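Visitor: I have a structure here, written as structure tokens, and I will follow up with some questions on it.
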Amino acid sequence: MVSHDNIKRLLNPKTLAVIGGREASEVIRQSRKMGFKGTIWAVNPKREELEGIKCFRSIADLPEAPDAAFVAVPRAPAVEVIGDLNRMGAGGAVCYTSGFSETSDGQAYHHTLLDKAGDLPVVGPNCYGLLNYLDGAALWPDHHGGVHVDKGVAIIAQSGNIGISLTMQERSLPLAYMISVGNQALLSISDYIDALCEDDRITAIGLHLEGVENISEFCRAVNKARSKGIPIVALKSGGSDIGAEIALSHTSTLAGSDELYSALFQRIGIARVRTLSEMTETLKLLHVAGPLSGNNISSLSCSGGDAALIADFGSQLGLGFNPIPDVQASQLRKQLGDKVSISNPFDYHTYIWGDIEEKTDCFTRVMQGGYDISLLVLDYPKSDLSEAHEWDIALDAMIAAQRNSGYQAAVLATLPENLPEKARSTLIRNNVVPLQGVEDGLKAISSAAWINAKWKELANHKVSSTVEKFSKIENEIVLLDEARAKSILGKQGIPIPRSKTVSISEAGLTAEQIGFPVVVKAVSAELAHKTEAGGVALNLQDAEEVISAAERMAHLSDKVLVESMITDVVAEVIIGVTRDPQFGLSLVVGSGGIWVELLQDSIPLLLPISRDDVLSALKKLKLYRVLEGYRGQPAGDIDALIDVILSVADFALHNQKTLAEMDLNPVMVLPKGKGVVIADAMIRMAKEERVN
């Protein structure tokens, strides 16, 4: 078990040891450049000194155990060095060396590393290391673009090169930590989140990840961050087949189902972003303003074109543009005259351009409308074309308006390059958010508002914030025939049609006993897709039709399932259970019947789930409007559908050691108050295992 105290020593060291040659020298140079005030020791048996520091011949020769060590030697000696550091009581190490689990011949070295490290916290292997911009520690063998900060965001990146790029950003994002995690042989992303939450100088955490090894531990760490008021933003790569292959070869990480990762982030309150620029803008907003109280915004600009741009894209994101209240609208008309239309987004024209008092009054009045955040759209001219004095006036007016109104302000440039560094620094210093780019800026606002709403939802304990840990199936997996599958479901209280499995000769009499109309199906564990094979006959009205249908199926099976035909159906739904190597069992709910492939209208649900989880998922489906009663049609029994989905989830959890897959399609939703019925069922389970 890795010691939390040692992780703290590793992240904020007072003494450093560098082991190696060229890369070790670079770590010394970068540490000095960062203003590291602690002691640095160098270890290299073949050199007298590194960057003017006398070299020790071995770890054992060091005067004391270092808080942190940077190891940059080939993999065979690297694991020995890690072992030496563990034995002498070092705080932790960065293993820059590659050639471990990410390579075909590296597994033995990986296991040796685990054995030698013991409880020593090790970053990597196969990583760049870490940068602590708060305290000036640089266990990092390359150039980087960060500077000292008193507080800021921490970024945990699975790619060292992406980490370097993020330190070079020209977005004025205050970086507190950059951690390149590599293979995560000993320290996982969860461990870093857990440790960073203990530093009250961290304002937000950004994740660039390819996959998560232990989902349950990840949930625990994220929940801890939320309890500390630290929002998390994630950029997940490896969503495409090609991307997943690259992730596996890059850091030996299994990328996992992209849809399930989205479901995971949605569940535990992580804002998912799709690009590095979106991540940067979102983290910057969270650093300055924190999660927003809502998504109701106002926009100010001196151009109708800018106003329309904000309105169009903001509306696509679901942002609200409440009208400017009557009191403020009246004041604005009096100030600006009849030629200016009072609306939100608000084009205030250029009549007051360059007038600090008039601009401050105008911006303050709009912000007094009580918006969750107010934007000033402002693009600076190029420095070699014009002085920016009048743009600075607009900036100062927005800063004053935030102070006067008590509401959050932001300044947004339509193009990222049109908000210069000086302006960004001034804004951040005054707690106004500088946003660069319409799309990224508005997405950042949407994410910050969503995080707050999700936190409130999780605080009410009506939705799940964890994910179940599942065992692997050991035995051979077999397909159950439909009759057996429905029998199992029926015993769980899941509604199935009245039915009976009989020989072909008994089909007619059985149908009369059940009552017409009926359905006849071939019964065979070899038939996963009965309809395509001619193994299903629907809406049979008499015994003669039943006998004829059953005889046509004789080549498929010597038995048939005769069951009542379900009528008066409002909607057809699919309820599925799938098994993922990382997430274990999960549910999928969506439009069923013939619409499954055509509409692609489904949503995954991780386990366990609550009633609110299910209702929230159903409301996201296109099908939900039908369930509510579309265009005067009867509403479906939504409560009964939720009951069945919860029953399927319970069944999956109780049989998690044996259940491989389940497909209930279609599930017939009847009118409100009449329930639902499972019309077809496919279950794959471990062979010769007892079902609970």
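We label chains A, B, ... in the order they appear in the structure tokens, count residues from 1 in each chain, and number ligands from 1 in the order shown.
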Would you kindly return, as an mmCIF file with N, CA and C atoms, in the first residue's frame, each protein, DNA or RNA residue with an atom no farther than 7 Å from any atom of range 43-53 of chain A, considering only C-alpha atoms and excluding same-chain residues fewer than 4 positions away?

Guide:
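Wrote it out as around.cif, contents follow:
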```cif
data_model
loop_
_atom_site.group_PDB
_atom_site.id
_atom_site.type_symbol
_atom_site.label_atom_id
_atom_site.label_comp_id
_atom_site.auth_asym_id
_atom_site.auth_seq_id
_atom_site.Cartn_x
_atom_site.Cartn_y
_atom_site.Cartn_z
ATOM 1 N N VAL A 18 18.833 12.824 -8.744
ATOM 2 C CA VAL A 18 18.685 12.532 -10.165
ATOM 3 C C VAL A 18 19.660 11.413 -10.525
ATOM 4 N N ILE A 19 19.149 10.394 -11.220
ATOM 5 C CA ILE A 19 19.961 9.227 -11.541
ATOM 6 C C ILE A 19 19.980 9.073 -13.053
ATOM 7 N N GLY A 20 21.162 9.204 -13.664
ATOM 8 C CA GLY A 20 21.278 9.083 -15.106
ATOM 9 C C GLY A 20 22.269 10.076 -15.662
ATOM 10 N N SER A 25 20.639 15.565 -16.159
ATOM 11 C CA SER A 25 21.191 16.920 -16.237
ATOM 12 C C SER A 25 20.106 17.942 -16.541
ATOM 13 N N ARG A 57 28.300 7.562 -6.543
ATOM 14 C CA ARG A 57 28.407 6.373 -7.385
ATOM 15 C C ARG A 57 27.169 5.484 -7.305
ATOM 16 N N SER A 58 26.445 5.580 -6.192
ATOM 17 C CA SER A 58 25.261 4.728 -6.041
ATOM 18 C C SER A 58 24.255 5.398 -5.118
ATOM 19 N N ILE A 59 23.026 4.859 -5.111
ATOM 20 C CA ILE A 59 21.977 5.359 -4.219
ATOM 21 C C ILE A 59 22.416 5.221 -2.763
#
```

Visitor: Could you give me, as a ChimeraX atom specification, the residues within 12 Å of range 644-648 of chain A, counting only C-alpha atoms and dropping anything in the same chain fewer than 5 positions from it?

Guide: /A:488-496,573-578,585-590,605-615,617-618,637-639,653-656,659,661-664,667-669,675-678,681,683

Visitor: Go through A:His144, A:His555, A:Lys620, A:Lys284 one by one, measure the shortest atom-to-atom distance of each to Asp440 in chain A using only C-alpha atoms, and give the residue with the smallest value.

Guide: A:Lys284

Visitor: What's around Pro323 in chain A at 10 Å? Count only C-alpha atoms, leave out sequence neighbours fewer than 6 positions away in its own chain, and write the answer as a list of chain:residue names.

Guide: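 Non-adjacent residues within range: A:Ile297, A:Ser298, A:Ala329, A:Ile342, A:Ser343, A:Asn344, A:Pro345, A:Phe346, A:Val366, A:Gly369.
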
Visitor: Give me a file of those residues, with C-alpha atoms, as a short mmCIF file (atom, residue, chain, number, x, y, z; two decimals), in the first residue's frame.

Guide:
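Heads up, here's the output in out_0.cif:
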```cif
data_model
loop_
_atom_site.label_atom_id
_atom_site.label_comp_id
_atom_site.auth_asym_id
_atom_site.auth_seq_id
_atom_site.Cartn_x
_atom_site.Cartn_y
_atom_site.Cartn_z
CA ILE A 297 -26.20 34.30 -19.37
CA SER A 298 -26.19 37.80 -20.76
CA ALA A 329 -34.24 47.85 -19.65
CA ILE A 342 -32.82 46.38 -25.60
CA SER A 343 -32.48 42.61 -25.85
CA ASN A 344 -30.31 39.72 -24.72
CA PRO A 345 -27.80 39.20 -26.34
CA PHE A 346 -27.42 43.00 -26.18
CA VAL A 366 -27.23 44.60 -17.68
CA GLY A 369 -30.41 41.52 -14.25
#
```

Visitor: So, with only C-alpha atoms as the atoms that count, which of A:Ala483, A:Ala537, A:Leu235, A:Val562 lies closest to Gly508 in chain A?

Guide: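 Of A:Ala483, A:Ala537, A:Leu235, A:Val562, the one nearest Gly508 in chain A, counting only C-alpha atoms, is A:Val562.
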
Visitor: List every residue of range 359-510 of chain A that DSSP, applied to the backbone of this structure, places in strand (DSSP E or B), and write the result as a short mmCIF file (atom, residue, chain, number, x, y, z; two decimals) with N, CA and C atoms, in the first residue's frame.

Guide:
```cif
data_model
loop_
_atom_site.label_atom_id
_atom_site.label_comp_id
_atom_site.auth_asym_id
_atom_site.auth_seq_id
_atom_site.Cartn_x
_atom_site.Cartn_y
_atom_site.Cartn_z
N ILE A 373 -23.70 34.44 -15.41
CA ILE A 373 -22.46 35.03 -15.90
C ILE A 373 -22.80 35.96 -17.06
N SER A 374 -22.09 37.07 -17.15
CA SER A 374 -22.32 38.03 -18.23
C SER A 374 -21.05 38.16 -19.05
N LEU A 375 -21.22 38.13 -20.37
CA LEU A 375 -20.09 38.17 -21.30
C LEU A 375 -19.99 39.53 -21.97
N LEU A 376 -18.78 40.05 -22.02
CA LEU A 376 -18.49 41.17 -22.91
C LEU A 376 -17.70 40.60 -24.08
N VAL A 377 -18.26 40.68 -25.28
CA VAL A 377 -17.55 40.21 -26.48
C VAL A 377 -16.61 41.32 -26.92
N ALA A 409 -18.54 38.16 -14.15
CA ALA A 409 -18.34 38.68 -15.51
C ALA A 409 -17.27 37.87 -16.23
N ALA A 410 -17.33 37.92 -17.55
CA ALA A 410 -16.31 37.31 -18.41
C ALA A 410 -16.13 38.20 -19.63
N VAL A 411 -14.93 38.18 -20.19
CA VAL A 411 -14.67 38.86 -21.46
C VAL A 411 -14.30 37.78 -22.46
N LEU A 412 -15.00 37.76 -23.59
CA LEU A 412 -14.82 36.71 -24.58
C LEU A 412 -14.38 37.30 -25.92
N ALA A 413 -13.27 36.81 -26.43
CA ALA A 413 -12.82 37.17 -27.78
C ALA A 413 -13.35 36.12 -28.75
N VAL A 433 -13.35 36.38 -15.91
CA VAL A 433 -12.89 35.25 -16.70
C VAL A 433 -12.51 35.70 -18.11
N PRO A 434 -11.27 35.47 -18.56
CA PRO A 434 -10.93 35.73 -19.96
C PRO A 434 -11.19 34.46 -20.79
N LEU A 435 -12.05 34.55 -21.78
CA LEU A 435 -12.38 33.40 -22.61
C LEU A 435 -11.95 33.67 -24.04
N GLN A 436 -11.37 32.65 -24.66
CA GLN A 436 -10.78 32.82 -26.00
C GLN A 436 -11.43 31.85 -26.98
N ILE A 477 -19.31 -19.88 -21.62
CA ILE A 477 -20.57 -19.13 -21.74
C ILE A 477 -21.45 -19.78 -22.80
N VAL A 478 -22.74 -19.97 -22.46
CA VAL A 478 -23.68 -20.60 -23.38
C VAL A 478 -24.90 -19.71 -23.56
N LEU A 479 -25.59 -19.89 -24.67
CA LEU A 479 -26.83 -19.18 -24.97
C LEU A 479 -28.01 -20.00 -24.48
N SER A 499 -47.45 -18.29 -21.42
CA SER A 499 -46.82 -19.11 -22.45
C SER A 499 -46.62 -20.54 -21.97
N LYS A 500 -46.29 -21.40 -22.95
CA LYS A 500 -45.99 -22.80 -22.64
C LYS A 500 -45.13 -23.37 -23.76
N THR A 501 -44.12 -24.17 -23.38
CA THR A 501 -43.27 -24.85 -24.36
C THR A 501 -43.81 -26.26 -24.56
N VAL A 502 -44.11 -26.59 -25.82
CA VAL A 502 -44.74 -27.87 -26.13
C VAL A 502 -44.15 -28.45 -27.41
N SER A 503 -44.50 -29.72 -27.68
CA SER A 503 -44.13 -30.33 -28.95
C SER A 503 -44.95 -29.71 -30.06
#
```

Visitor: Just asking: which residues within range 24-164 of chain A are alpha helix (DSSP H) according to DSSP, as a PyMOL selection string?

Guide: chain A and resi 24-34+75-88+107-117+160-164

Visitor: Rank A:Tyr128, A:His148, A:Pro121, A:Lys228 by their smallest atom-to-atom distance to Leu186 in chain A, using only C-alpha atoms, and report the top residue only.

Guide: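 Ranking A:Tyr128, A:His148, A:Pro121, A:Lys228 by distance to Leu186 in chain A, first place goes to A:Pro121.
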
Visitor: I'd like the contact shell of range 187-189 of chain A - 9 Å cut-off, only C-alpha atoms, skipping same-chain residues fewer than 6 positions apart - returned as a list in words.

Guide: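 After dropping sequence-adjacent residues, the list is Val2, Pro121, Val122, Val123, Gly124, Ile156, Ala157, Gln158, Val181, Leu207, Leu209, Val212, Glu213, Asn214, Phe218 and Ala221 of chain A.
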